[in-house]
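One file, coords_16.cif, carrying mmCIF, C-alpha atoms, pLDDT in the B column; chains and numbers go by the auth columns:
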data_work
#
loop_
_atom_site.group_PDB
_atom_site.id
_atom_site.type_symbol
_atom_site.label_atom_id
_atom_site.label_comp_id
_atom_site.label_asym_id
_atom_site.label_seq_id
_atom_site.Cartn_x
_atom_site.Cartn_y
_atom_site.Cartn_z
_atom_site.B_iso_or_equiv
_atom_site.auth_seq_id
_atom_site.auth_asym_id
ATOM 1 C CA MET A 1 184.217 30.100 103.016 52.00 1 F
ATOM 2 C CA MET A 2 181.196 29.137 105.132 46.00 2 F
ATOM 3 C CA LEU A 3 181.400 32.396 107.068 43.00 3 F
ATOM 4 C CA ARG A 4 181.348 34.398 103.811 50.00 4 F
ATOM 5 C CA THR A 5 178.235 32.533 102.615 47.00 5 F
ATOM 6 C CA VAL A 6 176.417 33.205 105.894 40.00 6 F
ATOM 7 C CA LEU A 7 177.391 36.892 105.855 42.00 7 F
ATOM 8 C CA PHE A 8 176.293 37.211 102.214 44.00 8 F
ATOM 9 C CA GLY A 9 172.936 35.558 103.068 45.00 9 F
ATOM 10 C CA LEU A 10 172.393 37.919 106.000 43.00 10 F
ATOM 11 C CA THR A 11 173.181 40.897 103.788 51.00 11 F
ATOM 12 C CA LEU A 12 170.635 39.755 101.201 45.00 12 F
ATOM 13 C CA LEU A 13 168.043 39.152 103.922 45.00 13 F
ATOM 14 C CA GLY A 14 168.586 42.633 105.320 48.00 14 F
ATOM 15 C CA ALA A 15 168.212 44.194 101.860 46.00 15 F
ATOM 16 C CA ALA A 16 165.010 42.238 101.211 46.00 16 F
ATOM 17 C CA GLN A 17 163.546 43.359 104.534 50.00 17 F
ATOM 18 C CA ALA A 18 164.415 46.990 103.832 47.00 18 F
ATOM 19 C CA GLN A 19 162.772 46.757 100.419 53.00 19 F
ATOM 20 C CA ALA A 20 159.669 45.069 101.882 54.00 20 F
ATOM 21 C CA ALA A 21 159.353 47.898 104.412 60.00 21 F
ATOM 22 C CA ASP A 22 158.959 50.329 101.486 78.00 22 F
ATOM 23 C CA LEU A 23 156.229 48.201 99.875 88.00 23 F
ATOM 24 C CA LYS A 24 152.756 49.711 100.255 90.00 24 F
ATOM 25 C CA MET A 25 150.088 47.023 100.187 92.00 25 F
ATOM 26 C CA GLY A 26 146.304 47.061 100.219 92.00 26 F
ATOM 27 C CA TYR A 27 143.553 44.469 100.305 92.00 27 F
ATOM 28 C CA VAL A 28 139.966 44.496 98.982 93.00 28 F
ATOM 29 C CA ASN A 29 137.345 42.067 100.287 92.00 29 F
ATOM 30 C CA THR A 30 135.394 41.261 97.106 90.00 30 F
ATOM 31 C CA GLU A 31 132.669 39.395 99.003 90.00 31 F
ATOM 32 C CA ARG A 32 132.001 42.538 101.014 91.00 32 F
ATOM 33 C CA VAL A 33 131.949 44.619 97.827 92.00 33 F
ATOM 34 C CA TYR A 34 129.392 42.212 96.301 89.00 34 F
ATOM 35 C CA ARG A 35 127.319 42.329 99.478 91.00 35 F
ATOM 36 C CA GLU A 36 127.430 46.042 100.342 92.00 36 F
ATOM 37 C CA ALA A 37 128.168 48.132 97.248 92.00 37 F
ATOM 38 C CA ALA A 38 125.167 49.999 95.857 92.00 38 F
ATOM 39 C CA PRO A 39 125.665 48.647 92.307 92.00 39 F
ATOM 40 C CA ALA A 40 125.830 45.095 93.676 93.00 40 F
ATOM 41 C CA VAL A 41 122.705 45.583 95.807 93.00 41 F
ATOM 42 C CA ASN A 42 120.901 47.019 92.770 93.00 42 F
ATOM 43 C CA ALA A 43 122.018 44.072 90.636 93.00 43 F
ATOM 44 C CA GLN A 44 120.732 41.630 93.255 94.00 44 F
ATOM 45 C CA LYS A 45 117.349 43.390 93.408 95.00 45 F
ATOM 46 C CA LYS A 46 117.154 43.373 89.613 96.00 46 F
ATOM 47 C CA LEU A 47 117.817 39.629 89.552 96.00 47 F
ATOM 48 C CA GLU A 48 115.232 38.960 92.268 96.00 48 F
ATOM 49 C CA LYS A 49 112.620 40.883 90.303 97.00 49 F
ATOM 50 C CA GLU A 50 113.582 39.215 87.020 97.00 50 F
ATOM 51 C CA PHE A 51 113.341 35.702 88.461 97.00 51 F
ATOM 52 C CA ALA A 52 110.401 36.193 90.853 97.00 52 F
ATOM 53 C CA ALA A 53 107.798 34.587 88.555 97.00 53 F
ATOM 54 C CA ARG A 54 109.940 31.500 87.989 97.00 54 F
ATOM 55 C CA GLU A 55 110.634 31.208 91.707 97.00 55 F
ATOM 56 C CA ALA A 56 106.891 31.431 92.433 97.00 56 F
ATOM 57 C CA ASP A 57 106.241 28.692 89.857 96.00 57 F
ATOM 58 C CA LEU A 58 108.816 26.459 91.554 96.00 58 F
ATOM 59 C CA LYS A 59 107.201 27.071 94.942 97.00 59 F
ATOM 60 C CA ARG A 60 103.809 26.207 93.459 97.00 60 F
ATOM 61 C CA LEU A 61 105.167 22.929 92.072 96.00 61 F
ATOM 62 C CA ALA A 62 106.839 22.082 95.386 96.00 62 F
ATOM 63 C CA ALA A 63 103.574 22.728 97.244 96.00 63 F
ATOM 64 C CA ARG A 64 101.671 20.526 94.771 94.00 64 F
ATOM 65 C CA GLY A 65 104.226 17.766 95.308 94.00 65 F
ATOM 66 C CA LYS A 66 103.827 17.953 99.092 94.00 66 F
ATOM 67 C CA GLU A 67 100.073 17.944 98.704 92.00 67 F
ATOM 68 C CA LEU A 68 100.232 14.805 96.547 90.00 68 F
ATOM 69 C CA GLU A 69 102.635 13.080 98.961 89.00 69 F
ATOM 70 C CA ALA A 70 100.257 13.802 101.826 88.00 70 F
ATOM 71 C CA GLY A 71 97.320 12.479 99.783 84.00 71 F
ATOM 72 C CA ILE A 72 99.197 9.300 98.956 82.00 72 F
ATOM 73 C CA GLY A 73 100.092 8.866 102.627 81.00 73 F
ATOM 74 C CA ARG A 74 96.436 9.150 103.611 80.00 74 F
ATOM 75 C CA ASN A 75 95.300 6.749 100.886 74.00 75 F
ATOM 76 C CA LYS A 76 96.773 3.453 102.111 69.00 76 F
ATOM 77 C CA ALA A 77 94.720 1.152 99.839 60.00 77 F
ATOM 78 C CA ALA A 78 97.386 -0.510 97.672 58.00 78 F
ATOM 79 C CA ASP A 79 95.209 -1.139 94.623 63.00 79 F
ATOM 80 C CA SER A 80 93.338 2.127 94.688 77.00 80 F
ATOM 81 C CA SER A 81 93.141 3.694 91.226 81.00 81 F
ATOM 82 C CA GLU A 82 93.026 7.120 92.884 82.00 82 F
ATOM 83 C CA ARG A 83 96.308 6.408 94.680 81.00 83 F
ATOM 84 C CA LYS A 84 97.994 5.255 91.465 85.00 84 F
ATOM 85 C CA ALA A 85 96.799 8.364 89.656 87.00 85 F
ATOM 86 C CA MET A 86 98.225 10.491 92.471 87.00 86 F
ATOM 87 C CA GLU A 87 101.543 8.613 92.294 88.00 87 F
ATOM 88 C CA ARG A 88 101.756 9.204 88.526 92.00 88 F
ATOM 89 C CA GLU A 89 100.958 12.885 88.996 93.00 89 F
ATOM 90 C CA LEU A 90 103.545 13.122 91.778 93.00 90 F
ATOM 91 C CA ALA A 91 106.191 11.576 89.513 95.00 91 F
ATOM 92 C CA SER A 92 105.236 14.034 86.779 95.00 92 F
ATOM 93 C CA VAL A 93 105.385 16.995 89.178 94.00 93 F
ATOM 94 C CA GLU A 94 108.778 15.862 90.493 96.00 94 F
ATOM 95 C CA ARG A 95 110.195 15.589 86.937 97.00 95 F
ATOM 96 C CA GLU A 96 108.804 18.994 86.007 96.00 96 F
ATOM 97 C CA TYR A 97 110.138 20.529 89.230 96.00 97 F
ATOM 98 C CA ALA A 98 113.617 19.053 88.704 97.00 98 F
ATOM 99 C CA ALA A 99 113.779 20.280 85.090 97.00 99 F
ATOM 100 C CA LYS A 100 112.529 23.765 85.947 97.00 100 F
ATOM 101 C CA MET A 101 114.851 24.017 88.964 97.00 101 F
ATOM 102 C CA ARG A 102 117.858 23.041 86.840 98.00 102 F
ATOM 103 C CA ASP A 103 116.949 25.640 84.191 97.00 103 F
ATOM 104 C CA TYR A 104 116.246 28.254 86.874 97.00 104 F
ATOM 105 C CA ARG A 105 119.642 27.722 88.526 97.00 105 F
ATOM 106 C CA ASP A 106 121.499 27.754 85.210 97.00 106 F
ATOM 107 C CA ASP A 107 119.772 30.927 84.033 97.00 107 F
ATOM 108 C CA LEU A 108 120.132 32.644 87.413 97.00 108 F
ATOM 109 C CA ASN A 109 123.842 31.819 87.606 97.00 109 F
ATOM 110 C CA GLN A 110 124.408 33.090 84.078 96.00 110 F
ATOM 111 C CA ARG A 111 122.540 36.345 84.733 96.00 111 F
ATOM 112 C CA ARG A 112 124.249 36.787 88.119 94.00 112 F
ATOM 113 C CA ASN A 113 127.631 36.389 86.459 95.00 113 F
ATOM 114 C CA GLU A 114 126.650 38.957 83.823 94.00 114 F
ATOM 115 C CA GLU A 115 125.379 41.484 86.372 92.00 115 F
ATOM 116 C CA PHE A 116 128.256 41.070 88.804 91.00 116 F
ATOM 117 C CA ALA A 117 130.870 41.163 86.043 93.00 117 F
ATOM 118 C CA SER A 118 130.004 44.821 85.508 90.00 118 F
ATOM 119 C CA VAL A 119 130.232 45.445 89.262 91.00 119 F
ATOM 120 C CA GLN A 120 133.628 43.722 89.349 91.00 120 F
ATOM 121 C CA GLU A 121 134.833 45.682 86.331 93.00 121 F
ATOM 122 C CA ARG A 122 133.791 48.977 87.904 93.00 122 F
ATOM 123 C CA ALA A 123 135.356 48.008 91.259 93.00 123 F
ATOM 124 C CA ASN A 124 138.621 47.089 89.515 93.00 124 F
ATOM 125 C CA ARG A 125 138.719 50.495 87.790 94.00 125 F
ATOM 126 C CA ILE A 126 138.166 52.193 91.156 94.00 126 F
ATOM 127 C CA ILE A 127 140.862 50.050 92.792 94.00 127 F
ATOM 128 C CA LYS A 128 143.324 51.131 90.102 95.00 128 F
ATOM 129 C CA VAL A 129 142.410 54.788 90.643 95.00 129 F
ATOM 130 C CA ILE A 130 142.941 54.413 94.402 94.00 130 F
ATOM 131 C CA ALA A 131 146.230 52.577 93.806 94.00 131 F
ATOM 132 C CA ASP A 132 147.505 55.375 91.573 95.00 132 F
ATOM 133 C CA ARG A 133 146.228 58.184 93.779 95.00 133 F
ATOM 134 C CA GLU A 134 147.579 56.723 97.034 94.00 134 F
ATOM 135 C CA GLN A 135 150.669 55.115 95.481 94.00 135 F
ATOM 136 C CA TYR A 136 150.039 51.473 96.380 93.00 136 F
ATOM 137 C CA ASP A 137 152.535 48.960 95.064 93.00 137 F
ATOM 138 C CA VAL A 138 150.177 45.989 95.413 92.00 138 F
ATOM 139 C CA ILE A 139 146.467 45.546 96.057 92.00 139 F
ATOM 140 C CA LEU A 140 145.278 42.008 96.720 91.00 140 F
ATOM 141 C CA GLN A 141 141.873 40.364 96.556 88.00 141 F
ATOM 142 C CA ASP A 142 140.694 37.002 97.914 80.00 142 F
ATOM 143 C CA VAL A 143 143.487 36.137 100.331 85.00 143 F
ATOM 144 C CA VAL A 144 143.453 33.755 103.279 86.00 144 F
ATOM 145 C CA TYR A 145 144.518 36.361 105.806 87.00 145 F
ATOM 146 C CA VAL A 146 145.465 40.009 105.772 86.00 146 F
ATOM 147 C CA SER A 147 145.970 42.477 108.575 87.00 147 F
ATOM 148 C CA PRO A 148 143.043 44.917 108.891 89.00 148 F
ATOM 149 C CA LYS A 149 145.476 47.825 108.506 90.00 149 F
ATOM 150 C CA HIS A 150 145.828 46.884 104.810 90.00 150 F
ATOM 151 C CA ASP A 151 142.076 46.623 104.138 91.00 151 F
ATOM 152 C CA ILE A 152 140.940 49.351 101.722 93.00 152 F
ATOM 153 C CA THR A 153 137.502 47.853 101.063 92.00 153 F
ATOM 154 C CA ALA A 154 135.749 50.802 102.721 92.00 154 F
ATOM 155 C CA LYS A 155 137.497 53.197 100.328 92.00 155 F
ATOM 156 C CA VAL A 156 136.372 51.125 97.336 92.00 156 F
ATOM 157 C CA LEU A 157 132.779 50.992 98.645 91.00 157 F
ATOM 158 C CA LYS A 158 132.789 54.760 99.152 91.00 158 F
ATOM 159 C CA GLU A 159 133.969 55.315 95.578 89.00 159 F
ATOM 160 C CA LEU A 160 131.364 52.865 94.227 87.00 160 F
ATOM 161 C CA GLU A 161 128.628 54.922 95.909 86.00 161 F
ATOM 162 C CA LYS A 162 129.489 57.913 93.730 82.00 162 F
#

Using the file provided, produce a representation of the structure as C-alpha cells.
Amino acid sequence: MMLRTVLFGLTLLGAAQAQAADLKMGYVNTERVYREAAPAVNAQKKLEKEFAAREADLKRLAARGKELEAGIGRNKAADSSERKAMERELASVEREYAAKMRDYRDDLNQRRNEEFASVQERANRIIKVIADREQYDVILQDVVYVSPKHDITAKVLKELEK
C-alpha cells in the first residue's frame, strides 16, 4: 500500500515537471518601464513643469525659515521685541510651509498616479500583444526574483517607443 502511494506520487511529480517544462514564462520590470519608457519620461517632465512654481515657492519659504532661524540665533537678547517678532514670523512660515508641502505632496501624488496610470495601461496592452504574438503562458510583474532569461522588459520598452 505504501509503495503504491509513493509510486503514484512520483508519477504525479513527473507529470507536473513535464507540464512545467512546456510553460513559457516572461517577466516585466515595471520600475524600469516607469524609469526608461519614453511615455513615462514625458509624463515625469510634464509633472516637473506643472509643479515647478509650487516647488519654487516651497524653496522660498524654506530659505525664509532658515534666514529667520539664523537671525534668532544671532539675536540672543531674551526680551528683545525684534527677536519675538522673528520667532512669531518663523512659526508662521513653518505652518505655511507644512501646509503647502502637504498639499504639494498630495496633489503631486494624485497627478503622478493619473499620468502613470495611462503609461501602465499602455504597457499592459503591449504586454498582452507580446504574449499573444510570442505565445507566452504567463507574464509576471513585481516579483522577488526571476531569472534574467525570462525578462522581456526590453521588448516592452521597444514597443512603447513606437

Out of F:Arg64, F:Arg88, F:Arg102, F:Lys128, which residue has the shortest atom-to-atom distance to Glu159 (chain F) when counting all atoms listed in the file?
->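 Among the listed residues, F:Lys128 lies closest to Glu159 (chain F).
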
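In this model, the gap between CA of Ile127 (chain F) and CA of Arg111 (chain F) comes to 24.3 Å.
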
For Ile126 (chain F), please output as a ChimeraX atom specification all residues within 10 Å (counting only C-alpha atoms; exclusion window: fewer than 5 positions along the same chain).
-> /F:120-121,131-132,155-160

Output file for the residues above (C-alpha atoms, as a PDB file, keeping the file's coordinate frame):
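Generated file (selection.pdb):
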ATOM      1  CA  GLN F 120     133.628  43.722  89.349  1.00 91.00           C
ATOM      2  CA  GLU F 121     134.833  45.682  86.331  1.00 93.00           C
ATOM      3  CA  ALA F 131     146.230  52.577  93.806  1.00 94.00           C
ATOM      4  CA  ASP F 132     147.505  55.375  91.573  1.00 95.00           C
ATOM      5  CA  LYS F 155     137.497  53.197 100.328  1.00 92.00           C
ATOM      6  CA  VAL F 156     136.372  51.125  97.336  1.00 92.00           C
ATOM      7  CA  LEU F 157     132.779  50.992  98.645  1.00 91.00           C
ATOM      8  CA  LYS F 158     132.789  54.760  99.152  1.00 91.00           C
ATOM      9  CA  GLU F 159     133.969  55.315  95.578  1.00 89.00           C
ATOM     10  CA  LEU F 160     131.364  52.865  94.227  1.00 87.00           C
TER      11      LEU F 160
END

Check which residues satisfy the PyMOL selection byres ((chain F and resi 23-32) around 7) in the file shown, then give them as number ranges by chain.
-> F: 19-22, 33-36, 136-142, 150-153

To verify the selection step, state as an mmCIF file with C-alpha atoms, in the coordinates of the input which residues the PyMOL selection byres ((chain F and resi 87) around 12) yields on this input.
data_model
loop_
_atom_site.group_PDB
_atom_site.id
_atom_site.type_symbol
_atom_site.label_atom_id
_atom_site.label_comp_id
_atom_site.auth_asym_id
_atom_site.auth_seq_id
_atom_site.Cartn_x
_atom_site.Cartn_y
_atom_site.Cartn_z
ATOM 1 C CA GLY F 65 104.226 17.766 95.308
ATOM 2 C CA LYS F 66 103.827 17.953 99.092
ATOM 3 C CA GLU F 67 100.073 17.944 98.704
ATOM 4 C CA LEU F 68 100.232 14.805 96.547
ATOM 5 C CA GLU F 69 102.635 13.080 98.961
ATOM 6 C CA ALA F 70 100.257 13.802 101.826
ATOM 7 C CA GLY F 71 97.320 12.479 99.783
ATOM 8 C CA ILE F 72 99.197 9.300 98.956
ATOM 9 C CA GLY F 73 100.092 8.866 102.627
ATOM 10 C CA ASN F 75 95.300 6.749 100.886
ATOM 11 C CA ALA F 78 97.386 -0.510 97.672
ATOM 12 C CA ASP F 79 95.209 -1.139 94.623
ATOM 13 C CA SER F 80 93.338 2.127 94.688
ATOM 14 C CA SER F 81 93.141 3.694 91.226
ATOM 15 C CA GLU F 82 93.026 7.120 92.884
ATOM 16 C CA ARG F 83 96.308 6.408 94.680
ATOM 17 C CA LYS F 84 97.994 5.255 91.465
ATOM 18 C CA ALA F 85 96.799 8.364 89.656
ATOM 19 C CA MET F 86 98.225 10.491 92.471
ATOM 20 C CA ARG F 88 101.756 9.204 88.526
ATOM 21 C CA GLU F 89 100.958 12.885 88.996
ATOM 22 C CA LEU F 90 103.545 13.122 91.778
ATOM 23 C CA ALA F 91 106.191 11.576 89.513
ATOM 24 C CA SER F 92 105.236 14.034 86.779
ATOM 25 C CA VAL F 93 105.385 16.995 89.178
ATOM 26 C CA GLU F 94 108.778 15.862 90.493
#

Would you mind reading off the distance between CA of Glu48 (chain F) and CA of Lys162 (chain F), one decimal, in Å?
->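 Pair CA of Glu48 (chain F) / CA of Lys162 (chain F) returns 23.8 Å.
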
CA of Asp57 (chain F) and CA of Ser118 (chain F), how far apart in Å?
->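 Straight-line distance from CA of Ser118 (chain F) to CA of Asp57 (chain F) works out to 29.0 Å.
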
Distance criterion (all atoms listed in the file): nearest to Ile130 (chain F) out of F:Ala38, F:Val146, F:Ala117, F:Ala154 |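 Residue with the minimum atom-to-atom distance to Ile130 (chain F): F:Ala154.
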
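Taking all atoms listed in the file into account, Leu47 (chain F) lies nearest to F:Arg112 out of the set F:Arg60, F:Arg112, F:Arg105, F:Lys100.
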
Determine the axis-aligned bounding box of all atoms of region 25-43 of chain F present in the file, pad each side by 6 Å, and express its centre and edge lengths in Å to one decimal place as lines of an AutoDock Vina configuration file.
center_x = 135.5
center_y = 44.7
center_z = 95.8
size_x = 41.2
size_y = 22.6
size_z = 22.4

Pick out the closest residue to Met101 (chain F) from this set: F:Val143, F:Lys59, F:Lys45, F:Ala40. Count all atoms listed in the file.
->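 Answer, going by the shortest atom-to-atom distance: F:Lys59.
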